[in-house]
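Asker: Data: query06.cif, mmCIF, C-alpha atoms.
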```
data_query
loop_
_atom_site.group_PDB
_atom_site.id
_atom_site.type_symbol
_atom_site.label_atom_id
_atom_site.label_comp_id
_atom_site.auth_asym_id
_atom_site.auth_seq_id
_atom_site.Cartn_x
_atom_site.Cartn_y
_atom_site.Cartn_z
ATOM 1 C CA MET A 1 104.316 -201.965 62.228
ATOM 2 C CA ARG A 2 104.466 -198.192 61.688
ATOM 3 C CA ASP A 3 102.801 -196.715 58.579
ATOM 4 C CA THR A 4 105.837 -195.294 56.720
ATOM 5 C CA ARG A 5 106.844 -194.873 53.103
ATOM 6 C CA GLU A 6 109.107 -197.950 53.296
ATOM 7 C CA SER A 7 106.331 -200.194 54.713
ATOM 8 C CA ARG A 8 103.986 -199.163 51.941
ATOM 9 C CA LEU A 9 106.603 -199.991 49.269
ATOM 10 C CA LEU A 10 107.201 -203.400 50.954
ATOM 11 C CA LEU A 11 103.480 -204.193 50.938
ATOM 12 C CA VAL A 12 103.202 -203.257 47.206
ATOM 13 C CA LEU A 13 106.232 -205.444 46.434
ATOM 14 C CA LEU A 14 104.803 -208.473 48.266
ATOM 15 C CA VAL A 15 101.457 -208.134 46.474
ATOM 16 C CA ALA A 16 103.249 -207.946 43.099
ATOM 17 C CA ILE A 17 105.302 -211.067 43.903
ATOM 18 C CA ALA A 18 102.114 -212.935 44.955
ATOM 19 C CA PHE A 19 100.381 -212.091 41.660
ATOM 20 C CA ALA A 20 103.494 -213.145 39.732
ATOM 21 C CA LEU A 21 103.609 -216.544 41.490
ATOM 22 C CA ILE A 22 99.902 -217.119 40.867
ATOM 23 C CA THR A 23 100.377 -216.305 37.156
ATOM 24 C CA VAL A 24 103.352 -218.668 36.822
ATOM 25 C CA ASP A 25 101.445 -221.466 38.626
ATOM 26 C CA ILE A 26 98.368 -221.110 36.408
ATOM 27 C CA ARG A 27 100.370 -221.017 33.171
ATOM 28 C CA GLY A 28 102.425 -224.025 34.231
ATOM 29 C CA GLY A 29 99.352 -226.339 34.088
ATOM 30 C CA GLU A 30 99.866 -229.836 35.529
ATOM 31 C CA ARG A 31 103.675 -229.336 35.751
ATOM 32 C CA SER A 32 103.865 -226.114 37.605
ATOM 33 C CA PRO A 33 107.325 -224.805 38.593
ATOM 34 C CA LEU A 34 105.889 -224.367 42.090
ATOM 35 C CA ASP A 35 105.018 -228.073 42.616
ATOM 36 C CA GLY A 36 108.348 -228.728 44.334
ATOM 37 C CA ALA A 37 107.870 -225.899 46.754
ATOM 38 C CA ARG A 38 104.261 -227.003 47.366
ATOM 39 C CA GLU A 39 105.400 -230.560 48.168
ATOM 40 C CA VAL A 40 108.063 -229.293 50.568
ATOM 41 C CA THR A 41 105.480 -227.136 52.302
ATOM 42 C CA ALA A 42 103.024 -230.047 52.491
ATOM 43 C CA SER A 43 105.646 -232.370 53.983
ATOM 44 C CA VAL A 44 106.475 -229.773 56.608
ATOM 45 C CA LEU A 45 102.955 -228.636 57.474
ATOM 46 C CA GLY A 46 101.111 -231.975 56.908
ATOM 47 C CA PRO A 47 101.979 -233.553 60.290
ATOM 48 C CA VAL A 48 101.020 -230.339 62.003
ATOM 49 C CA GLU A 49 97.621 -230.384 60.240
ATOM 50 C CA ASN A 50 97.048 -234.052 61.154
ATOM 51 C CA THR A 51 97.891 -233.353 64.778
ATOM 52 C CA VAL A 52 95.501 -230.424 64.891
ATOM 53 C CA ALA A 53 92.799 -232.467 63.116
ATOM 54 C CA ALA A 54 93.248 -235.365 65.570
ATOM 55 C CA ALA A 55 92.787 -232.962 68.435
ATOM 56 C CA VAL A 56 89.825 -231.163 66.912
ATOM 57 C CA ASP A 57 87.862 -234.099 65.374
ATOM 58 C CA PRO A 58 86.887 -235.766 68.710
ATOM 59 C CA VAL A 59 85.529 -232.459 69.852
ATOM 60 C CA GLY A 60 83.539 -232.161 66.649
ATOM 61 C CA ASN A 61 82.317 -235.749 66.976
ATOM 62 C CA ALA A 62 81.340 -235.141 70.578
ATOM 63 C CA ILE A 63 79.399 -232.042 69.591
ATOM 64 C CA ALA A 64 77.603 -234.007 66.858
ATOM 65 C CA ALA A 65 76.900 -236.858 69.272
ATOM 66 C CA VAL A 66 75.480 -234.483 71.837
ATOM 67 C CA ARG A 67 73.338 -232.883 69.173
ATOM 68 C CA ASP A 68 72.088 -236.294 67.931
ATOM 69 C CA SER A 69 71.619 -237.472 71.510
ATOM 70 C CA GLY A 70 69.449 -234.459 72.227
ATOM 71 C CA GLU A 71 67.341 -235.275 69.194
ATOM 72 C CA ARG A 72 67.012 -238.892 70.359
ATOM 73 C CA TYR A 73 66.020 -237.786 73.863
ATOM 74 C CA ASP A 74 63.443 -235.435 72.369
ATOM 75 C CA ARG A 75 62.024 -238.347 70.348
ATOM 76 C CA ILE A 76 61.998 -240.632 73.389
ATOM 77 C CA GLY A 77 60.241 -237.972 75.417
ATOM 78 C CA GLN A 78 57.664 -237.557 72.670
ATOM 79 C CA LEU A 79 57.067 -241.325 72.542
ATOM 80 C CA GLU A 80 56.736 -241.481 76.338
ATOM 81 C CA ARG A 81 54.164 -238.689 76.254
ATOM 82 C CA GLU A 82 52.251 -240.463 73.479
ATOM 83 C CA ASN A 83 52.323 -243.729 75.451
ATOM 84 C CA ALA A 84 51.115 -241.949 78.587
ATOM 85 C CA GLU A 85 48.241 -240.389 76.615
ATOM 86 C CA LEU A 86 47.369 -243.787 75.138
ATOM 87 C CA ARG A 87 47.381 -245.415 78.577
ATOM 88 C CA GLN A 88 45.168 -242.610 79.891
ATOM 89 C CA ARG A 89 42.729 -243.125 77.022
ATOM 90 C CA LEU A 90 42.633 -246.860 77.691
ATOM 91 C CA ALA A 91 42.072 -246.243 81.410
ATOM 92 C CA ASP A 92 39.295 -243.757 80.624
ATOM 93 C CA SER A 93 37.793 -246.290 78.231
ATOM 94 C CA ASP A 94 37.871 -249.011 80.906
ATOM 95 C CA ARG A 95 36.292 -246.662 83.463
ATOM 96 C CA ASN A 96 33.633 -245.608 80.987
ATOM 97 C CA ASP A 97 32.871 -249.235 80.146
ATOM 98 C CA SER A 98 32.563 -250.023 83.861
ATOM 99 C CA ARG A 99 30.224 -247.074 84.394
ATOM 100 C CA VAL A 100 28.098 -248.083 81.436
ATOM 101 C CA ARG A 101 27.729 -251.576 82.916
ATOM 102 C CA GLU A 102 26.826 -250.113 86.326
ATOM 103 C CA LEU A 103 24.271 -247.786 84.750
ATOM 104 C CA GLU A 104 22.709 -250.640 82.782
ATOM 105 C CA LYS A 105 22.468 -252.727 85.948
ATOM 106 C CA LEU A 106 20.950 -249.776 87.841
ATOM 107 C CA LEU A 107 18.332 -249.216 85.149
ATOM 108 C CA LYS A 108 17.480 -252.922 85.162
ATOM 109 C CA THR A 109 16.978 -252.884 88.936
ATOM 110 C CA ALA A 110 14.916 -249.692 88.783
ATOM 111 C CA GLY A 111 12.799 -251.178 86.015
ATOM 112 C CA ALA A 112 12.140 -254.366 87.992
ATOM 113 C CA GLY A 113 10.883 -252.333 90.960
ATOM 114 C CA GLN A 114 9.204 -249.611 88.884
ATOM 115 C CA TYR A 115 11.278 -246.969 90.685
ATOM 116 C CA GLY A 116 11.594 -243.547 89.144
ATOM 117 C CA ILE A 117 15.261 -242.639 89.667
ATOM 118 C CA LYS A 118 17.711 -239.805 89.128
ATOM 119 C CA ALA A 119 21.095 -241.262 88.216
ATOM 120 C CA ALA A 120 24.066 -239.752 90.054
ATOM 121 C CA GLN A 121 27.767 -240.240 90.553
ATOM 122 C CA VAL A 122 29.619 -240.475 93.849
ATOM 123 C CA VAL A 123 32.023 -237.525 93.988
ATOM 124 C CA GLY A 124 33.089 -237.569 97.639
ATOM 125 C CA ILE A 125 33.384 -239.809 100.689
ATOM 126 C CA GLY A 126 32.790 -238.907 104.330
ATOM 127 C CA ALA A 127 31.720 -235.282 104.042
ATOM 128 C CA ALA A 128 33.288 -234.201 107.355
ATOM 129 C CA GLN A 129 30.502 -235.636 109.475
ATOM 130 C CA GLY A 130 32.466 -237.330 112.225
ATOM 131 C CA PHE A 131 32.996 -241.019 111.650
ATOM 132 C CA SER A 132 29.770 -241.551 109.732
ATOM 133 C CA TRP A 133 29.717 -243.663 106.583
ATOM 134 C CA THR A 134 28.572 -241.090 104.035
ATOM 135 C CA VAL A 135 29.105 -240.242 100.373
ATOM 136 C CA THR A 136 28.443 -237.098 98.359
ATOM 137 C CA LEU A 137 26.506 -237.203 95.070
ATOM 138 C CA ASP A 138 26.672 -234.759 92.171
ATOM 139 C CA VAL A 139 22.897 -234.066 92.243
ATOM 140 C CA GLY A 140 20.917 -231.751 94.508
ATOM 141 C CA GLU A 141 17.872 -229.506 94.778
ATOM 142 C CA ARG A 142 18.202 -228.404 91.154
ATOM 143 C CA ASP A 143 17.760 -232.048 90.139
ATOM 144 C CA GLY A 144 14.664 -232.614 92.278
ATOM 145 C CA ILE A 145 16.504 -234.329 95.139
ATOM 146 C CA LYS A 146 14.954 -234.035 98.615
ATOM 147 C CA ARG A 147 15.886 -235.170 102.081
ATOM 148 C CA ASP A 148 14.961 -238.758 103.109
ATOM 149 C CA MET A 149 14.907 -240.201 99.607
ATOM 150 C CA THR A 150 16.032 -243.810 99.049
ATOM 151 C CA VAL A 151 19.343 -244.356 97.243
ATOM 152 C CA ILE A 152 19.991 -247.591 95.332
ATOM 153 C CA ASN A 153 22.392 -249.032 92.802
ATOM 154 C CA GLY A 154 22.266 -252.084 90.575
ATOM 155 C CA ASP A 155 22.828 -254.414 93.544
ATOM 156 C CA GLY A 156 20.363 -253.030 96.078
ATOM 157 C CA LEU A 157 20.012 -250.587 98.961
ATOM 158 C CA VAL A 158 22.789 -247.961 99.242
ATOM 159 C CA GLY A 159 21.303 -245.611 101.869
ATOM 160 C CA ARG A 160 19.163 -242.519 102.266
ATOM 161 C CA VAL A 161 19.630 -238.820 101.539
ATOM 162 C CA THR A 162 20.335 -236.793 104.692
ATOM 163 C CA THR A 163 21.493 -233.392 103.422
ATOM 164 C CA VAL A 164 20.666 -231.603 100.160
ATOM 165 C CA GLY A 165 22.462 -228.640 98.601
ATOM 166 C CA PRO A 166 21.815 -226.795 95.335
ATOM 167 C CA SER A 167 23.932 -229.190 93.237
ATOM 168 C CA THR A 168 25.095 -231.921 95.659
ATOM 169 C CA SER A 169 23.612 -234.165 98.323
ATOM 170 C CA THR A 170 24.884 -236.344 101.169
ATOM 171 C CA VAL A 171 23.862 -239.975 101.593
ATOM 172 C CA LEU A 172 24.052 -241.950 104.852
ATOM 173 C CA LEU A 173 25.111 -245.470 103.849
ATOM 174 C CA ALA A 174 23.208 -248.536 105.020
ATOM 175 C CA ASN A 175 26.257 -249.899 106.849
ATOM 176 C CA ASP A 176 26.503 -246.851 109.135
ATOM 177 C CA PRO A 177 25.923 -247.712 112.833
ATOM 178 C CA ASP A 178 23.191 -245.044 113.008
ATOM 179 C CA PHE A 179 21.351 -246.481 110.002
ATOM 180 C CA THR A 180 18.108 -248.460 110.507
ATOM 181 C CA VAL A 181 15.729 -249.829 107.886
ATOM 182 C CA GLY A 182 12.680 -252.077 108.092
ATOM 183 C CA THR A 183 13.117 -255.425 106.325
ATOM 184 C CA ARG A 184 10.942 -258.265 105.110
ATOM 185 C CA MET A 185 12.110 -261.853 104.599
ATOM 186 C CA GLU A 186 11.620 -263.367 101.158
ATOM 187 C CA GLY A 187 8.925 -266.036 101.103
ATOM 188 C CA THR A 188 8.052 -266.074 104.831
ATOM 189 C CA ASN A 189 7.433 -262.279 105.053
ATOM 190 C CA GLU A 190 9.016 -262.179 108.522
ATOM 191 C CA LEU A 191 9.595 -258.549 109.497
ATOM 192 C CA GLY A 192 12.600 -257.041 111.214
ATOM 193 C CA PHE A 193 14.929 -254.065 111.504
ATOM 194 C CA ALA A 194 18.398 -253.972 109.969
ATOM 195 C CA ASN A 195 21.193 -251.912 111.521
ATOM 196 C CA GLY A 196 24.589 -251.052 110.094
ATOM 197 C CA ARG A 197 27.807 -252.168 111.764
ATOM 198 C CA GLY A 198 30.493 -250.292 109.842
ATOM 199 C CA ASP A 199 32.545 -252.627 107.702
ATOM 200 C CA SER A 200 30.884 -255.758 109.143
ATOM 201 C CA ALA A 201 27.686 -257.542 108.198
ATOM 202 C CA LEU A 202 24.327 -255.955 109.006
ATOM 203 C CA THR A 203 22.480 -257.005 112.156
ATOM 204 C CA VAL A 204 18.782 -257.779 111.714
ATOM 205 C CA GLN A 205 16.404 -258.107 114.661
ATOM 206 C CA LEU A 206 13.450 -260.259 113.586
ATOM 207 C CA LEU A 207 10.251 -259.363 115.400
ATOM 208 C CA ASN A 208 9.279 -263.018 115.702
ATOM 209 C CA SER A 209 11.649 -264.750 118.130
ATOM 210 C CA LYS A 210 10.524 -268.144 116.808
ATOM 211 C CA ALA A 211 10.888 -267.225 113.146
ATOM 212 C CA GLU A 212 12.141 -270.030 110.926
ATOM 213 C CA VAL A 213 15.219 -268.587 109.257
ATOM 214 C CA LYS A 214 18.289 -270.200 107.763
ATOM 215 C CA LYS A 215 21.521 -269.284 106.083
ATOM 216 C CA GLY A 216 20.944 -267.986 102.542
ATOM 217 C CA ASP A 217 17.517 -266.453 103.210
ATOM 218 C CA ARG A 218 17.155 -263.041 101.557
ATOM 219 C CA LEU A 219 15.688 -259.730 102.707
ATOM 220 C CA VAL A 220 14.239 -256.632 101.046
ATOM 221 C CA THR A 221 13.127 -253.277 102.421
ATOM 222 C CA PHE A 222 9.683 -253.256 103.995
ATOM 223 C CA GLY A 223 9.010 -249.634 103.031
ATOM 224 C CA SER A 224 8.102 -246.530 105.013
ATOM 225 C CA SER A 225 5.015 -244.403 105.403
ATOM 226 C CA ASN A 226 4.542 -242.362 102.208
ATOM 227 C CA ASP A 227 7.662 -244.161 100.869
ATOM 228 C CA ARG A 228 10.018 -241.858 102.796
ATOM 229 C CA PRO A 229 12.767 -242.542 103.611
ATOM 230 C CA PHE A 230 12.501 -246.046 102.115
ATOM 231 C CA VAL A 231 10.552 -247.447 99.214
ATOM 232 C CA PRO A 232 9.549 -251.139 99.427
ATOM 233 C CA GLY A 233 11.144 -254.115 97.715
ATOM 234 C CA VAL A 234 14.771 -252.932 97.494
ATOM 235 C CA PRO A 235 17.210 -255.864 97.976
ATOM 236 C CA VAL A 236 19.110 -255.600 101.276
ATOM 237 C CA GLY A 237 21.171 -258.774 101.567
ATOM 238 C CA GLU A 238 21.206 -262.441 102.536
ATOM 239 C CA VAL A 239 21.517 -264.223 105.876
ATOM 240 C CA ILE A 240 24.995 -265.551 106.640
ATOM 241 C CA ARG A 241 24.510 -266.447 110.318
ATOM 242 C CA VAL A 242 21.609 -267.172 112.634
ATOM 243 C CA ASP A 243 22.257 -266.552 116.312
ATOM 244 C CA PRO A 244 20.840 -269.147 118.724
ATOM 245 C CA HIS A 245 17.651 -268.367 120.636
ATOM 246 C CA SER A 246 18.366 -266.048 123.543
ATOM 247 C CA GLY A 247 14.924 -266.261 125.104
ATOM 248 C CA GLY A 248 14.155 -262.629 124.159
ATOM 249 C CA LEU A 249 11.283 -261.188 122.182
ATOM 250 C CA THR A 250 13.301 -260.950 118.975
ATOM 251 C CA ARG A 251 15.731 -263.112 117.050
ATOM 252 C CA THR A 252 19.052 -261.855 115.696
ATOM 253 C CA VAL A 253 20.576 -262.764 112.343
ATOM 254 C CA ARG A 254 23.597 -261.457 110.488
ATOM 255 C CA VAL A 255 23.094 -260.325 106.902
ATOM 256 C CA ARG A 256 25.682 -259.736 104.207
ATOM 257 C CA PRO A 257 24.571 -256.667 102.186
ATOM 258 C CA TYR A 258 24.380 -256.918 98.419
ATOM 259 C CA VAL A 259 26.010 -253.504 97.975
ATOM 260 C CA GLY A 260 29.776 -253.024 98.238
ATOM 261 C CA PHE A 261 29.914 -249.763 100.170
ATOM 262 C CA THR A 262 33.646 -249.213 99.569
ATOM 263 C CA LYS A 263 33.374 -249.217 95.763
ATOM 264 C CA LEU A 264 30.377 -247.049 94.935
ATOM 265 C CA ASP A 265 30.323 -245.037 91.708
ATOM 266 C CA ILE A 266 27.012 -244.867 89.828
ATOM 267 C CA VAL A 267 23.862 -244.787 92.001
ATOM 268 C CA GLY A 268 20.236 -243.757 91.648
ATOM 269 C CA VAL A 269 18.112 -241.576 93.907
ATOM 270 C CA VAL A 270 14.497 -242.789 93.926
ATOM 271 C CA VAL A 271 12.500 -239.659 93.125
ATOM 272 C CA LYS A 272 9.266 -241.540 92.396
ATOM 273 C CA ALA A 273 8.035 -244.555 94.381
ATOM 274 C CA PRO A 274 6.395 -247.546 92.658
ATOM 275 C CA ARG A 275 2.602 -247.652 92.449
ATOM 276 C CA THR A 276 2.527 -251.091 94.064
ATOM 277 C CA ASP A 277 4.930 -252.972 96.309
ATOM 278 C CA PRO A 278 7.249 -255.005 94.042
ATOM 279 C CA ARG A 279 7.632 -257.553 96.848
ATOM 280 C CA ASP A 280 10.468 -259.916 95.854
ATOM 281 C CA ALA A 281 10.558 -259.043 92.148
ATOM 282 C CA VAL A 282 13.741 -256.969 92.420
ATOM 283 C CA LEU A 283 15.797 -259.711 94.076
ATOM 284 C CA PRO A 284 18.335 -261.413 91.811
ATOM 285 C CA PRO A 285 17.483 -264.947 90.616
ATOM 286 C CA ALA A 286 17.844 -267.436 93.449
ATOM 287 C CA PRO A 287 20.845 -269.755 93.104
ATOM 288 C CA LYS A 288 19.967 -273.216 91.884
ATOM 289 C CA ALA A 289 20.210 -276.014 94.446
ATOM 290 C CA ARG A 290 23.020 -278.467 93.791
ATOM 291 C CA PRO A 291 21.830 -282.049 93.229
ATOM 292 C CA THR A 292 22.787 -284.536 95.952
ATOM 293 C CA PRO A 293 24.940 -287.354 94.523
ATOM 294 C CA THR A 294 23.498 -290.881 94.861
ATOM 295 C CA VAL A 295 25.811 -293.752 95.851
ATOM 296 C CA THR A 296 25.122 -297.198 94.424
ATOM 297 C CA VAL A 297 26.414 -300.234 96.361
ATOM 298 C CA THR A 298 26.936 -303.597 94.622
ATOM 299 C CA ALA A 299 27.254 -306.657 96.883
ATOM 300 C CA THR A 300 28.722 -309.929 95.580
ATOM 301 C CA PRO A 301 28.119 -312.996 97.813
ATOM 302 C CA SER A 302 31.166 -315.080 98.594
ATOM 303 C CA ALA A 303 31.308 -318.824 97.892
ATOM 304 C CA GLY A 304 29.405 -320.893 100.461
ATOM 305 C CA ALA A 305 27.649 -317.927 101.986
ATOM 306 C CA SER A 306 23.966 -318.271 102.753
ATOM 307 C CA PRO A 307 21.465 -315.677 101.493
ATOM 308 C CA SER A 308 21.130 -314.295 105.015
ATOM 309 C CA ASP A 309 24.864 -313.513 105.053
ATOM 310 C CA GLU A 310 24.597 -311.191 102.082
ATOM 311 C CA ALA A 311 25.134 -307.466 102.700
ATOM 312 C CA THR A 312 22.007 -305.468 103.238
ATOM 313 C CA PRO A 313 22.041 -302.169 101.290
ATOM 314 C CA SER A 314 21.554 -298.963 103.211
ATOM 315 C CA ASP A 315 18.494 -296.722 102.832
ATOM 316 C CA GLY A 316 18.208 -295.235 99.384
ATOM 317 C CA ALA A 317 20.868 -297.559 97.910
ATOM 318 C CA THR A 318 20.199 -300.127 95.239
ATOM 319 C CA THR A 319 21.787 -303.538 94.802
ATOM 320 C CA ALA A 320 22.825 -304.598 91.345
ATOM 321 C CA PRO A 321 23.038 -308.343 90.493
ATOM 322 C CA SER A 322 26.532 -309.691 90.300
ATOM 323 C CA PRO A 323 27.775 -310.806 86.916
ATOM 324 C CA SER A 324 27.800 -314.564 86.266
ATOM 325 C CA ARG A 325 31.124 -316.306 86.024
ATOM 326 C CA SER A 326 31.926 -318.776 83.311
#
```
Please re-express this file's structure in structure tokens.
Answerer:
Amino acid sequence: MRDTRESRLLLVLLVAIAFALITVDIRGGERSPLDGAREVTASVLGPVENTVAAAVDPVGNAIAAVRDSGERYDRIGQLERENAELRQRLADSDRNDSRVRELEKLLKTAGAGQYGIKAAQVVGIGAAQGFSWTVTLDVGERDGIKRDMTVINGDGLVGRVTTVGPSTSTVLLANDPDFTVGTRMEGTNELGFANGRGDSALTVQLLNSKAEVKKGDRLVTFGSSNDRPFVPGVPVGEVIRVDPHSGGLTRTVRVRPYVGFTKLDIVGVVVKAPRTDPRDAVLPPAPKARPTPTVTVTATPSAGASPSDEATPSDGATTAPSPSRS
């Protein structure tokens, strides 16, 4: 619309009419002269407003739902993070409890043998040394660790230190095929040499080919000169099989090691040997022998049978008198 004198007069006139209608409507109170016109306008424009509202409200509801959904997802994410943190704390607590138990068992073993130890944790497996069975510990030269020191845990012999760095060291495990340690049989003191066989039982060559040995017999380390690389009295394992005599100068037995080499965590490096050989003091308590059940046989003579026809009890069995009949 062009800005002319007539358009300005029309605008002033419309404004004046609007003020006049507002004044009449206000002065009319509840019965305004404009109520009829308002009702007509409402009846005409009402359906249009409802149609527009019906079209717009779902959009508004959807926007609100998306907004609420986002808040719910944020809350769910927060709860999932809290649950993950709680599970991690519980897992850490379980691991810490397990390590505490291992450390207590290690200290008990070291105390029984009077070994001075430096506790360590396994931080690596197989330190790139071919196919050798080795582990890496988190202690080294700074902790007083030297090559050819004995390594134990709460169960027994783990291995010996082969390489030492400033803060770490490498241990050759007792089940490695290149591992050899002198052993002594509990009770009989029969000597031999144990060799690793990977994930199988140890092989022990007894020096006495006629040695009396049976399943369940236990072995400890014999010890080395100047206690390097092995201190005496460390539990090695128990006999699970005795090979028949081969006519050679030695006798071969298979020994199950006490240590689980695939689940090592807390170990101890023996930095000070015992003053005296602990002999068998470090071995766990021997299992108690199960009592042999005794069978009691009761024989009742049949009518007309002579005393010589009565059953004769076997060796070790007792015969109870038969009850009298009325």
Asker: Rounded to one decimal in Å, what is the spacing between atom CA of Lys263 of chain A and atom CA of Asp199 of chain A?
Answerer: 12.4 Å
Asker: What does the distance from atom CA of Ser200 of chain A to atom CA of Val135 of chain A come to in Å, to one decimal?
Answerer: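 We find that atom CA of Ser200 of chain A and atom CA of Val135 of chain A lie 17.9 Å from each other.
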Asker: For Leu206 of chain A, please output as a list in words all residues within 12 Å (counting all atoms listed in the file; exclusion window: fewer than 4 positions along the same chain).
Answerer: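 Result of the neighbour search: Gly182, Thr183, Arg184, Met185, Thr188, Asn189, Glu190, Leu191, Gly192, Phe193, Ala194, Asn195, Lys210, Ala211, Glu212, Val213, Leu219, Val239, Val242, Asp243, His245, Gly248, Leu249, Thr250, Arg251, Thr252, Val253, Arg254 and Val255 of chain A.
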Asker: Suppose you want the space between atom CA of Phe261 of chain A and atom CA of Phe179 of chain A; what is it in Å?
Answerer: 13.4 Å
Asker: For a quick check of understanding, using all atoms listed in the file, which of A:Val151, A:Val139, A:Val267, A:Ile240 has the smallest distance to Lys105 of chain A?
Answerer: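 Distance minimum relative to Lys105 of chain A lands on A:Val267.
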Asker: Can you give me, as a PyMOL selection string, the residues this file yields under the PyMOL selection byres ((chain A and resi 109-119) around 12)?
Answerer: chain A and resi 99-100+102-108+120-122+137-146+149-157+220-221+227+230-235+265-284
Asker: Could the residues in this selection be saved with C-alpha atoms as an mmCIF file, keeping the file's coordinate frame?
Answerer:
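This went into again.cif:
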```
data_model
loop_
_atom_site.group_PDB
_atom_site.id
_atom_site.type_symbol
_atom_site.label_atom_id
_atom_site.label_comp_id
_atom_site.auth_asym_id
_atom_site.auth_seq_id
_atom_site.Cartn_x
_atom_site.Cartn_y
_atom_site.Cartn_z
ATOM 1 C CA ARG A 99 30.224 -247.074 84.394
ATOM 2 C CA VAL A 100 28.098 -248.083 81.436
ATOM 3 C CA GLU A 102 26.826 -250.113 86.326
ATOM 4 C CA LEU A 103 24.271 -247.786 84.750
ATOM 5 C CA GLU A 104 22.709 -250.640 82.782
ATOM 6 C CA LYS A 105 22.468 -252.727 85.948
ATOM 7 C CA LEU A 106 20.950 -249.776 87.841
ATOM 8 C CA LEU A 107 18.332 -249.216 85.149
ATOM 9 C CA LYS A 108 17.480 -252.922 85.162
ATOM 10 C CA ALA A 120 24.066 -239.752 90.054
ATOM 11 C CA GLN A 121 27.767 -240.240 90.553
ATOM 12 C CA VAL A 122 29.619 -240.475 93.849
ATOM 13 C CA LEU A 137 26.506 -237.203 95.070
ATOM 14 C CA ASP A 138 26.672 -234.759 92.171
ATOM 15 C CA VAL A 139 22.897 -234.066 92.243
ATOM 16 C CA GLY A 140 20.917 -231.751 94.508
ATOM 17 C CA GLU A 141 17.872 -229.506 94.778
ATOM 18 C CA ARG A 142 18.202 -228.404 91.154
ATOM 19 C CA ASP A 143 17.760 -232.048 90.139
ATOM 20 C CA GLY A 144 14.664 -232.614 92.278
ATOM 21 C CA ILE A 145 16.504 -234.329 95.139
ATOM 22 C CA LYS A 146 14.954 -234.035 98.615
ATOM 23 C CA MET A 149 14.907 -240.201 99.607
ATOM 24 C CA THR A 150 16.032 -243.810 99.049
ATOM 25 C CA VAL A 151 19.343 -244.356 97.243
ATOM 26 C CA ILE A 152 19.991 -247.591 95.332
ATOM 27 C CA ASN A 153 22.392 -249.032 92.802
ATOM 28 C CA GLY A 154 22.266 -252.084 90.575
ATOM 29 C CA ASP A 155 22.828 -254.414 93.544
ATOM 30 C CA GLY A 156 20.363 -253.030 96.078
ATOM 31 C CA LEU A 157 20.012 -250.587 98.961
ATOM 32 C CA VAL A 220 14.239 -256.632 101.046
ATOM 33 C CA THR A 221 13.127 -253.277 102.421
ATOM 34 C CA ASP A 227 7.662 -244.161 100.869
ATOM 35 C CA PHE A 230 12.501 -246.046 102.115
ATOM 36 C CA VAL A 231 10.552 -247.447 99.214
ATOM 37 C CA PRO A 232 9.549 -251.139 99.427
ATOM 38 C CA GLY A 233 11.144 -254.115 97.715
ATOM 39 C CA VAL A 234 14.771 -252.932 97.494
ATOM 40 C CA PRO A 235 17.210 -255.864 97.976
ATOM 41 C CA ASP A 265 30.323 -245.037 91.708
ATOM 42 C CA ILE A 266 27.012 -244.867 89.828
ATOM 43 C CA VAL A 267 23.862 -244.787 92.001
ATOM 44 C CA GLY A 268 20.236 -243.757 91.648
ATOM 45 C CA VAL A 269 18.112 -241.576 93.907
ATOM 46 C CA VAL A 270 14.497 -242.789 93.926
ATOM 47 C CA VAL A 271 12.500 -239.659 93.125
ATOM 48 C CA LYS A 272 9.266 -241.540 92.396
ATOM 49 C CA ALA A 273 8.035 -244.555 94.381
ATOM 50 C CA PRO A 274 6.395 -247.546 92.658
ATOM 51 C CA ARG A 275 2.602 -247.652 92.449
ATOM 52 C CA THR A 276 2.527 -251.091 94.064
ATOM 53 C CA ASP A 277 4.930 -252.972 96.309
ATOM 54 C CA PRO A 278 7.249 -255.005 94.042
ATOM 55 C CA ARG A 279 7.632 -257.553 96.848
ATOM 56 C CA ASP A 280 10.468 -259.916 95.854
ATOM 57 C CA ALA A 281 10.558 -259.043 92.148
ATOM 58 C CA VAL A 282 13.741 -256.969 92.420
ATOM 59 C CA LEU A 283 15.797 -259.711 94.076
ATOM 60 C CA PRO A 284 18.335 -261.413 91.811
#
```
Asker: For each of A:Thr180, A:Val164, A:Ser225, A:Gly159, take the minimum atom-to-atom distance to Gln205 of chain A, counting all atoms listed in the file, then give the residue where this is smallest.
Answerer: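 For Gln205 of chain A, the nearest of the candidates is A:Thr180.
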Asker: For the contact check between segment 98-131 of chain A and segment 167-172 of chain A, emit one row per residue of segment 98-131 of chain A within 10 Å, containing the shortest atom pair and the distance in Å rounded to one decimal, counting only C-alpha atoms, chain then rising number order, as a tab-separated table.
Answerer:
```
residue	atom	partner	partner_atom	distance
A:Ala120	CA	A:Thr168	CA	9.7
A:Val122	CA	A:Thr170	CA	9.6
A:Val123	CA	A:Thr168	CA	9.1
A:Gly124	CA	A:Thr170	CA	9.0
A:Ile125	CA	A:Thr170	CA	9.2
A:Gly126	CA	A:Thr170	CA	8.9
A:Ala127	CA	A:Thr170	CA	7.5
```
Asker: Ranking A:Glu80, A:Asp97, A:Glu85, A:Asp217 by minimum distance to Val236 of chain A and counting all atoms listed in the file, which one comes first?
Answerer: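 Once distances to Val236 of chain A are computed over all atoms listed in the file, the minimum belongs to A:Asp217.
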